[in-house]
>>> print(open('target06.txt').read())   # compact mmCIF, C-alpha atoms
# COMPACT_ATOMS: atom_id res chain seq x y z
CA MET A 1 -31.83 23.14 -46.95
CA ALA A 2 -29.52 26.07 -46.30
CA THR A 3 -31.23 26.72 -42.97
CA THR A 4 -30.72 23.09 -41.93
CA THR A 5 -27.01 23.22 -42.87
CA THR A 6 -26.51 26.43 -40.91
CA SER A 7 -28.28 24.94 -37.89
CA VAL A 8 -26.05 21.86 -38.03
CA LYS A 9 -22.91 24.02 -38.24
CA ARG A 10 -24.03 26.10 -35.27
CA SER A 11 -24.78 22.97 -33.24
CA THR A 12 -21.36 21.52 -34.13
CA LEU A 13 -19.63 24.79 -33.21
CA LEU A 14 -21.49 24.96 -29.89
CA LEU A 15 -20.59 21.33 -29.14
CA ASP A 16 -16.92 22.04 -29.91
CA ILE A 17 -16.91 25.07 -27.61
CA VAL A 18 -18.50 23.14 -24.75
CA SER A 19 -16.11 20.23 -25.30
CA HIS A 20 -13.08 22.52 -25.19
CA ILE A 21 -14.34 24.22 -22.03
CA VAL A 22 -14.83 20.85 -20.32
CA LEU A 23 -11.39 19.64 -21.45
CA ILE A 24 -9.67 22.83 -20.28
CA ALA A 25 -11.43 22.64 -16.92
CA GLY A 26 -10.41 19.01 -16.57
CA SER A 27 -6.81 19.88 -17.46
CA VAL A 28 -6.73 22.60 -14.83
CA LEU A 29 -8.06 20.20 -12.20
CA MET A 30 -5.46 17.60 -13.16
CA ILE A 31 -2.51 19.99 -13.11
CA ALA A 32 -3.54 21.89 -9.96
CA PRO A 33 -2.00 19.37 -7.50
CA PHE A 34 1.35 19.55 -9.31
CA VAL A 35 1.29 23.35 -9.28
CA TRP A 36 0.47 23.29 -5.55
CA MET A 37 3.34 20.85 -4.95
CA LEU A 38 5.79 23.11 -6.79
CA SER A 39 4.48 26.19 -5.00
CA THR A 40 4.70 24.53 -1.59
CA SER A 41 8.25 23.40 -2.27
CA LEU A 42 9.24 27.07 -2.60
CA LYS A 43 7.62 28.28 0.62
CA THR A 44 8.92 28.62 4.14
CA GLU A 45 7.45 26.31 6.75
CA GLY A 46 5.42 29.12 8.30
CA ASN A 47 3.81 30.22 5.02
CA ILE A 48 2.31 26.89 3.95
CA PHE A 49 -0.96 26.93 5.88
CA THR A 50 -2.67 30.27 5.38
CA PRO A 51 -6.33 31.27 5.73
CA MET A 52 -6.50 31.66 1.94
CA PRO A 53 -4.51 29.38 -0.39
CA GLU A 54 -1.51 31.18 -1.91
CA TRP A 55 -0.27 29.75 -5.19
CA ILE A 56 2.63 32.19 -5.49
CA PRO A 57 5.32 31.81 -2.80
CA ARG A 58 5.43 34.99 -0.73
CA GLN A 59 7.33 36.03 2.37
CA THR A 60 6.72 38.77 4.89
CA TYR A 61 9.62 41.12 5.59
CA TRP A 62 9.83 43.59 8.47
CA SER A 63 12.08 46.61 8.41
CA ALA A 64 12.69 49.62 10.59
CA VAL A 65 14.17 53.04 9.93
CA ILE A 66 16.89 53.73 12.50
CA ASP A 67 19.09 56.81 12.24
CA GLY A 68 17.89 57.40 8.70
CA LYS A 69 18.81 53.86 7.54
CA ARG A 70 16.48 50.96 6.80
CA HIS A 71 17.29 47.68 8.59
CA GLU A 72 15.64 44.29 8.18
CA ILE A 73 14.32 42.98 11.48
CA ALA A 74 12.61 39.94 12.92
CA GLN A 75 8.87 40.11 13.41
CA PRO A 76 8.33 42.90 15.96
CA ILE A 77 6.41 42.55 19.19
CA VAL A 78 4.32 45.70 19.36
CA GLU A 79 3.51 46.87 22.85
CA ASN A 80 0.45 48.98 23.54
CA ASP A 81 2.33 51.10 26.06
CA ASN A 82 3.18 54.42 24.39
CA GLY A 83 3.02 52.86 20.89
CA ARG A 84 6.54 51.46 20.89
CA ALA A 85 7.78 48.24 19.26
CA HIS A 86 10.19 45.69 20.63
CA ILE A 87 12.45 44.56 17.74
CA ARG A 88 15.64 42.65 17.06
CA LEU A 89 17.90 43.60 14.14
CA SER A 90 19.05 41.01 11.60
CA ASP A 91 22.60 41.11 12.98
CA ASP A 92 21.40 39.30 16.16
CA SER A 93 22.08 42.31 18.34
CA ASP A 94 20.18 42.90 21.57
CA PRO A 95 16.49 43.84 21.27
CA ILE A 96 15.70 47.52 21.25
CA TRP A 97 12.60 49.70 21.57
CA ILE A 98 11.63 52.07 18.75
CA PRO A 99 8.44 53.92 17.78
CA ALA A 100 5.95 51.54 16.20
CA LYS A 101 5.40 53.97 13.31
CA ASP A 102 8.99 53.33 12.19
CA VAL A 103 8.29 49.60 11.69
CA HIS A 104 7.19 48.63 8.18
CA LYS A 105 5.74 45.40 6.85
CA GLU A 106 6.29 44.31 3.25
CA VAL A 107 5.10 41.16 1.43
CA ARG A 108 7.29 40.09 -1.48
CA VAL A 109 7.28 37.28 -4.01
CA ALA A 110 10.22 35.28 -2.69
CA PRO A 111 10.61 31.61 -3.65
CA GLU A 112 12.65 29.71 -1.09
CA TRP A 113 15.12 27.86 -3.34
CA ARG A 114 17.11 26.85 -0.28
CA ASN A 115 14.54 24.12 0.36
CA TYR A 116 16.01 22.05 -2.48
CA LYS A 117 19.53 22.52 -1.15
CA GLU A 118 18.39 21.57 2.33
CA VAL A 119 16.82 18.35 1.03
CA ILE A 120 20.10 17.34 -0.59
CA GLN A 121 22.04 18.20 2.55
CA THR A 122 19.61 16.60 5.01
CA VAL A 123 19.35 13.16 3.41
CA PRO A 124 21.72 11.28 1.04
CA PHE A 125 19.50 12.26 -1.88
CA PHE A 126 21.77 11.22 -4.76
CA ARG A 127 22.62 7.91 -3.11
CA GLY A 128 18.88 7.25 -2.85
CA VAL A 129 18.51 8.12 -6.54
CA ALA A 130 21.31 5.69 -7.43
CA ASN A 131 19.79 2.89 -5.33
CA THR A 132 16.37 3.47 -6.88
CA LEU A 133 17.78 3.49 -10.41
CA ILE A 134 19.65 0.22 -9.83
CA ILE A 135 16.55 -1.53 -8.50
CA THR A 136 14.21 -0.05 -11.10
CA LEU A 137 16.28 -0.36 -14.28
CA VAL A 138 17.65 -3.86 -13.69
CA GLY A 139 14.20 -5.21 -12.90
CA LEU A 140 12.62 -3.23 -15.73
CA PHE A 141 14.87 -4.41 -18.57
CA GLY A 142 14.89 -7.99 -17.32
CA GLY A 143 11.12 -7.93 -16.91
CA LEU A 144 10.56 -6.53 -20.40
CA PHE A 145 12.69 -9.31 -21.89
CA THR A 146 10.93 -12.16 -20.09
CA THR A 147 7.50 -10.59 -20.58
CA SER A 148 7.95 -10.19 -24.33
CA LEU A 149 9.47 -13.68 -24.63
CA SER A 150 6.53 -15.23 -22.76
CA ALA A 151 4.03 -13.24 -24.78
CA TYR A 152 5.60 -14.44 -28.02
CA ALA A 153 5.34 -18.04 -26.86
CA PHE A 154 1.66 -17.66 -25.95
CA ALA A 155 0.84 -15.74 -29.13
CA LYS A 156 2.70 -17.62 -31.87
CA LEU A 157 4.08 -20.92 -30.60
CA ARG A 158 1.95 -24.05 -30.32
CA PHE A 159 2.55 -26.45 -27.43
CA PRO A 160 0.33 -28.63 -25.20
CA GLY A 161 -1.45 -26.76 -22.43
CA ARG A 162 -0.64 -23.33 -23.86
CA ASP A 163 -4.07 -21.80 -23.34
CA ALA A 164 -4.58 -23.41 -19.92
CA LEU A 165 -1.21 -22.06 -18.72
CA PHE A 166 -2.07 -18.62 -20.06
CA TYR A 167 -5.35 -18.61 -18.14
CA VAL A 168 -3.52 -19.65 -14.97
CA ILE A 169 -1.17 -16.68 -15.42
CA LEU A 170 -4.15 -14.38 -15.87
CA GLY A 171 -5.67 -15.84 -12.73
CA THR A 172 -2.72 -14.62 -10.69
CA MET A 173 -3.90 -11.07 -11.37
CA MET A 174 -6.89 -11.75 -9.13
CA ILE A 175 -4.70 -12.51 -6.08
CA PRO A 176 -4.22 -9.38 -3.92
CA GLY A 177 -0.62 -8.51 -3.15
CA VAL A 178 -1.42 -8.33 0.56
CA VAL A 179 -2.17 -12.07 0.56
CA THR A 180 1.27 -13.02 -0.73
CA MET A 181 3.23 -10.40 1.20
CA LEU A 182 3.87 -12.46 4.34
CA PRO A 183 4.72 -15.80 2.62
CA THR A 184 7.04 -13.97 0.25
CA PHE A 185 8.79 -12.24 3.14
CA VAL A 186 9.28 -15.55 4.98
CA LEU A 187 10.67 -17.12 1.80
CA PHE A 188 13.16 -14.31 1.21
CA ARG A 189 14.19 -14.28 4.87
CA GLN A 190 14.97 -17.99 4.75
CA ALA A 191 17.00 -17.37 1.61
CA GLY A 192 19.01 -14.67 3.42
CA TRP A 193 17.93 -11.89 1.08
CA ILE A 194 16.71 -9.41 3.70
CA ASN A 195 18.51 -6.04 3.57
CA THR A 196 19.60 -6.65 -0.02
CA PHE A 197 18.28 -5.53 -3.38
CA ARG A 198 17.53 -9.10 -4.50
CA PRO A 199 13.91 -9.30 -3.19
CA LEU A 200 13.17 -6.10 -5.14
CA ILE A 201 14.98 -7.04 -8.36
CA ILE A 202 14.70 -10.81 -8.91
CA PRO A 203 10.85 -11.06 -8.80
CA ALA A 204 10.68 -8.18 -11.29
CA LEU A 205 12.92 -10.09 -13.72
CA PHE A 206 10.08 -12.54 -14.40
CA GLY A 207 7.67 -9.87 -15.64
CA GLY A 208 4.01 -9.73 -14.78
CA ALA A 209 0.70 -11.19 -15.90
CA TRP A 210 -0.68 -7.86 -17.09
CA GLY A 211 2.36 -7.19 -19.29
CA ILE A 212 2.26 -10.70 -20.74
CA PHE A 213 -1.43 -10.30 -21.56
CA LEU A 214 -0.93 -6.90 -23.20
CA MET A 215 2.01 -8.02 -25.35
CA ARG A 216 0.32 -11.30 -26.29
CA GLN A 217 -2.73 -9.43 -27.55
CA HIS A 218 -0.48 -7.17 -29.60
CA MET A 219 1.61 -10.00 -31.06
CA LYS A 220 -1.51 -11.91 -32.07
CA THR A 221 -2.33 -9.01 -34.41
CA VAL A 222 0.94 -9.53 -36.32
CA PRO A 223 0.11 -11.50 -39.50
CA ASP A 224 1.28 -15.11 -39.48
CA GLU A 225 2.57 -14.60 -43.01
CA LEU A 226 5.42 -12.49 -41.63
CA GLU A 227 6.42 -15.31 -39.31
CA ASP A 228 6.22 -17.81 -42.15
CA ALA A 229 8.44 -15.57 -44.27
CA SER A 230 11.04 -15.42 -41.50
CA ARG A 231 11.06 -19.23 -41.28
CA ILE A 232 11.59 -19.45 -45.03
CA ASP A 233 14.55 -17.10 -44.62
CA GLY A 234 16.04 -19.57 -42.12
CA CYS A 235 15.13 -17.93 -38.80
CA ASN A 236 14.52 -20.13 -35.79
CA PRO A 237 11.79 -19.15 -33.29
CA PHE A 238 14.14 -17.06 -31.14
CA GLN A 239 15.49 -15.19 -34.17
CA THR A 240 11.92 -14.54 -35.30
CA TYR A 241 11.13 -13.16 -31.87
CA TRP A 242 14.27 -11.02 -31.74
CA ARG A 243 14.35 -9.71 -35.31
CA LEU A 244 10.65 -9.53 -36.14
CA MET A 245 8.41 -9.41 -33.09
CA LEU A 246 10.43 -7.09 -30.87
CA PRO A 247 10.86 -4.34 -33.51
CA LEU A 248 7.13 -4.49 -34.22
CA SER A 249 6.37 -4.28 -30.49
CA LYS A 250 8.23 -1.04 -29.72
CA PRO A 251 5.04 0.91 -28.84
CA ILE A 252 3.90 -1.76 -26.38
CA LEU A 253 7.40 -2.08 -24.93
CA ALA A 254 7.51 1.69 -24.42
CA THR A 255 4.13 1.59 -22.69
CA LEU A 256 5.19 -1.22 -20.37
CA GLY A 257 8.49 0.56 -19.80
CA ILE A 258 6.78 3.74 -18.65
CA PHE A 259 4.43 1.94 -16.28
CA GLY A 260 7.20 -0.36 -15.03
CA PHE A 261 9.56 2.52 -14.36
CA MET A 262 6.88 4.47 -12.53
CA GLY A 263 6.00 1.43 -10.43
CA GLY A 264 9.60 0.74 -9.46
CA TRP A 265 10.52 4.39 -8.95
CA ASN A 266 7.53 5.10 -6.70
CA ASP A 267 7.60 1.79 -4.83
CA PHE A 268 7.53 2.41 -1.09
CA MET A 269 6.22 -0.76 0.52
CA GLY A 270 8.80 -3.13 -0.96
CA PRO A 271 11.91 -1.19 0.17
CA LEU A 272 10.24 -0.50 3.52
CA ILE A 273 9.85 -4.24 4.16
CA TYR A 274 13.18 -5.55 2.88
CA LEU A 275 15.74 -2.75 3.42
CA ASN A 276 17.14 -1.91 6.85
CA ASP A 277 20.45 -0.21 6.08
CA PRO A 278 20.07 3.57 5.48
CA ASP A 279 22.82 3.39 2.85
CA LYS A 280 20.54 1.13 0.80
CA PHE A 281 17.38 3.18 1.17
CA THR A 282 15.55 4.17 -1.98
CA LEU A 283 14.41 7.69 -2.74
CA GLN A 284 10.88 7.13 -1.45
CA LEU A 285 12.15 5.94 1.94
CA LEU A 286 14.42 8.97 2.22
CA LEU A 287 11.55 11.32 1.42
CA ALA A 288 9.47 9.64 4.11
CA SER A 289 12.08 10.70 6.67
CA PHE A 290 10.73 14.27 6.42
CA SER A 291 7.48 13.03 7.93
CA SER A 292 7.39 11.89 11.56
CA TYR A 293 4.73 11.08 14.15
CA TYR A 294 4.85 14.58 15.62
CA SER A 295 5.44 16.84 12.61
CA THR A 296 5.99 16.89 8.89
CA LYS A 297 8.31 19.24 7.02
CA ILE A 298 5.92 19.68 4.15
CA ASN A 299 8.00 22.20 2.21
CA LEU A 300 11.04 19.87 2.21
CA LEU A 301 8.85 16.86 1.41
CA MET A 302 7.37 18.70 -1.57
CA ALA A 303 10.82 19.83 -2.74
CA GLY A 304 12.06 16.25 -2.67
CA SER A 305 8.92 15.08 -4.46
CA VAL A 306 9.44 17.63 -7.22
CA MET A 307 13.00 16.43 -7.76
CA SER A 308 11.88 12.79 -7.74
CA LEU A 309 9.24 13.60 -10.36
CA VAL A 310 11.77 14.87 -12.91
CA PRO A 311 13.04 11.42 -14.13
CA VAL A 312 9.48 10.13 -14.57
CA LEU A 313 8.49 13.17 -16.64
CA ALA A 314 11.68 12.93 -18.69
CA LEU A 315 10.98 9.27 -19.49
CA PHE A 316 7.36 9.98 -20.39
CA PHE A 317 8.20 12.79 -22.81
CA ALA A 318 11.03 10.74 -24.32
CA ALA A 319 8.71 7.77 -24.96
CA GLN A 320 5.55 9.79 -25.61
CA ARG A 321 5.57 9.10 -29.34
CA TYR A 322 5.61 5.34 -28.81
CA PHE A 323 3.08 5.60 -25.97
CA VAL A 324 0.55 7.44 -28.15
CA GLN A 325 1.23 5.00 -30.98
CA ALA A 326 0.44 2.09 -28.65
CA ILE A 327 -2.87 3.69 -27.68
CA THR A 328 -3.67 4.16 -31.38
CA LEU A 329 -2.85 0.55 -32.17
CA THR A 330 -5.26 -0.73 -29.53
CA GLY A 331 -8.14 0.66 -31.59
CA VAL A 332 -6.99 -0.76 -34.93
CA LYS A 333 -8.02 -4.23 -36.06
CA GLY A 334 -5.57 -5.99 -38.34
>>> encode(input="target06.txt", output="structure tokens")
Amino acid sequence: MATTTTSVKRSTLLLDIVSHIVLIAGSVLMIAPFVWMLSTSLKTEGNIFTPMPEWIPRQTYWSAVIDGKRHEIAQPIVENDNGRAHIRLSDDSDPIWIPAKDVHKEVRVAPEWRNYKEVIQTVPFFRGVANTLIITLVGLFGGLFTTSLSAYAFAKLRFPGRDALFYVILGTMMIPGVVTMLPTFVLFRQAGWINTFRPLIIPALFGGAWGIFLMRQHMKTVPDELEDASRIDGCNPFQTYWRLMLPLSKPILATLGIFGFMGGWNDFMGPLIYLNDPDKFTLQLLLASFSSYYSTKINLLMAGSVMSLVPVLALFFAAQRYFVQAITLTGVKG
């Protein structure tokens, strides 16, 4: 009996060790692209593509000893004739010839923080952030309200055709967005909404089928006795929704809020189609300006991407408690 117990403990310990190794390896694979993005954002344009990947930003410095003093120089052109080097000092003086043995190469850890400053100076970064926040937040809060209101109606109210209408809404999830892109554009153009925020905000105010489905499934788990008690206390259906259902749906609202904010913040196709004025461009359109047909300033693009990632991370960590609670609730049957 003791031998069997010991064997079981050893098997459990071995399984735990293997599980932790697999989880750690998976975590490293997941975080590696973000580390590479941060590292690339701190490199010069000439140090991005190297024969071996460099995770730590480094720069090569050249110096020369002239008259007993060390001077930083541009990369020297070493001539084979008599072992002399053709250099230019950092003060932009005329090139000079010195012995090649006096030229020294040094590789230092040197993050290029100027990339972030250059991004802000090259494009109207903060204006793009403001435009993106307006589009995202207005559509997000309006969409959460209509989504939760619709979900409450489908979950708790009884009216003719309720289930059929719900299935029709679910059926819209099967229609690819590419199919409706052109008709929607023609509709908004006829309405005179091109080059405004309205095509990006107003459709988002009506929520989405996936959010309605998720909130309906959650609200159906709320006991009907609580709703009956609210009616006894004199609450009408809207008061029941506002005072009872919404407070109980905070985890689901936080989940939808995170996904909705990420979708609006990272949206590229919508602003690309409907916005023409550079003053109205969102952050994603401004970041795309660092990439052209002939070349891409990858270090500046990564620097802008790092800065654009900060609000999403801040929102996730702020709502993480509710997000985890929502995941926990999905596995609990009431």
>>> closest_residue(input="target06.txt", among="A:Ile169, A:Met307, A:Ile21, A:Ala153", to="A:Gly208", atoms="all atoms listed in the file")
A:Ile169
>>> closest_residue(input="target06.txt", among="A:Leu182, A:Ala314, A:Ala254, A:Ala151", to="A:Gln217", atoms="only C-alpha atoms")
A:Ala151
>>> atom_distance(input="target06.txt", atom1="atom CA of A:Gly211", atom2="atom CA of A:Gly143")
9.1 Å
>>> axis_aligned_box(input="target06.txt", around="stretch 103-118 of chain A", padding_each_side="8 Å", output="JSON")
{"center_x": 12.3, "center_y": 35.6, "center_z": 3.8, "size_x": 30.4, "size_y": 44.0, "size_z": 31.7}
>>> atom_distance(input="target06.txt", atom1="atom CA of A:Ala204", atom2="atom CA of A:Gln284")
18.2 Å
>>> atom_distance(input="target06.txt", atom1="atom CA of A:Leu170", atom2="atom CA of A:Leu144")
17.3 Å
>>> closest_residue(input="target06.txt", among="A:Ile135, A:Ile175, A:Ala303, A:Ala229", to="A:Gly260", atoms="all atoms listed in the file")
A:Ile135
>>> closest_residue(input="target06.txt", among="A:Ile298, A:Thr180, A:Leu157, A:Phe34", to="A:Phe49", atoms="only C-alpha atoms")
A:Ile298
>>> residues_around(input="target06.txt", residues="A:Leu205", least_positions_apart="4", cutoff="9 Å", atoms="all atoms listed in the file", output="list in words")
Val138, Gly139, Leu140, Phe141, Gly142, Gly143, Leu144, Phe145, Thr146, Thr147 and Ile201 of chain A
>>> closest_residue(input="target06.txt", among="A:Gly192, A:Val310, A:Phe316, A:Leu283", to="A:Ile120", atoms="only C-alpha atoms")
A:Leu283
>>> residues_around(input="target06.txt", residues="A:Leu315", least_positions_apart="3", cutoff="10 Å", atoms="all atoms listed in the file", output="ChimeraX atom specification")
/A:254,257-258,261-262,310-312,318-320
>>> residues_around(input="target06.txt", residues="stretch 236-250 of chain A", least_positions_apart="5", cutoff="9 Å", atoms="all atoms listed in the file", output="PyMOL selection string")
chain A and resi 148-149+152+157+215+218-219+222+226-227+230-231+255+322+326
>>> closest_residue(input="target06.txt", among="A:Gly264, A:Leu285, A:Val109, A:Val186", to="A:Gln59", atoms="all atoms listed in the file")
A:Val109
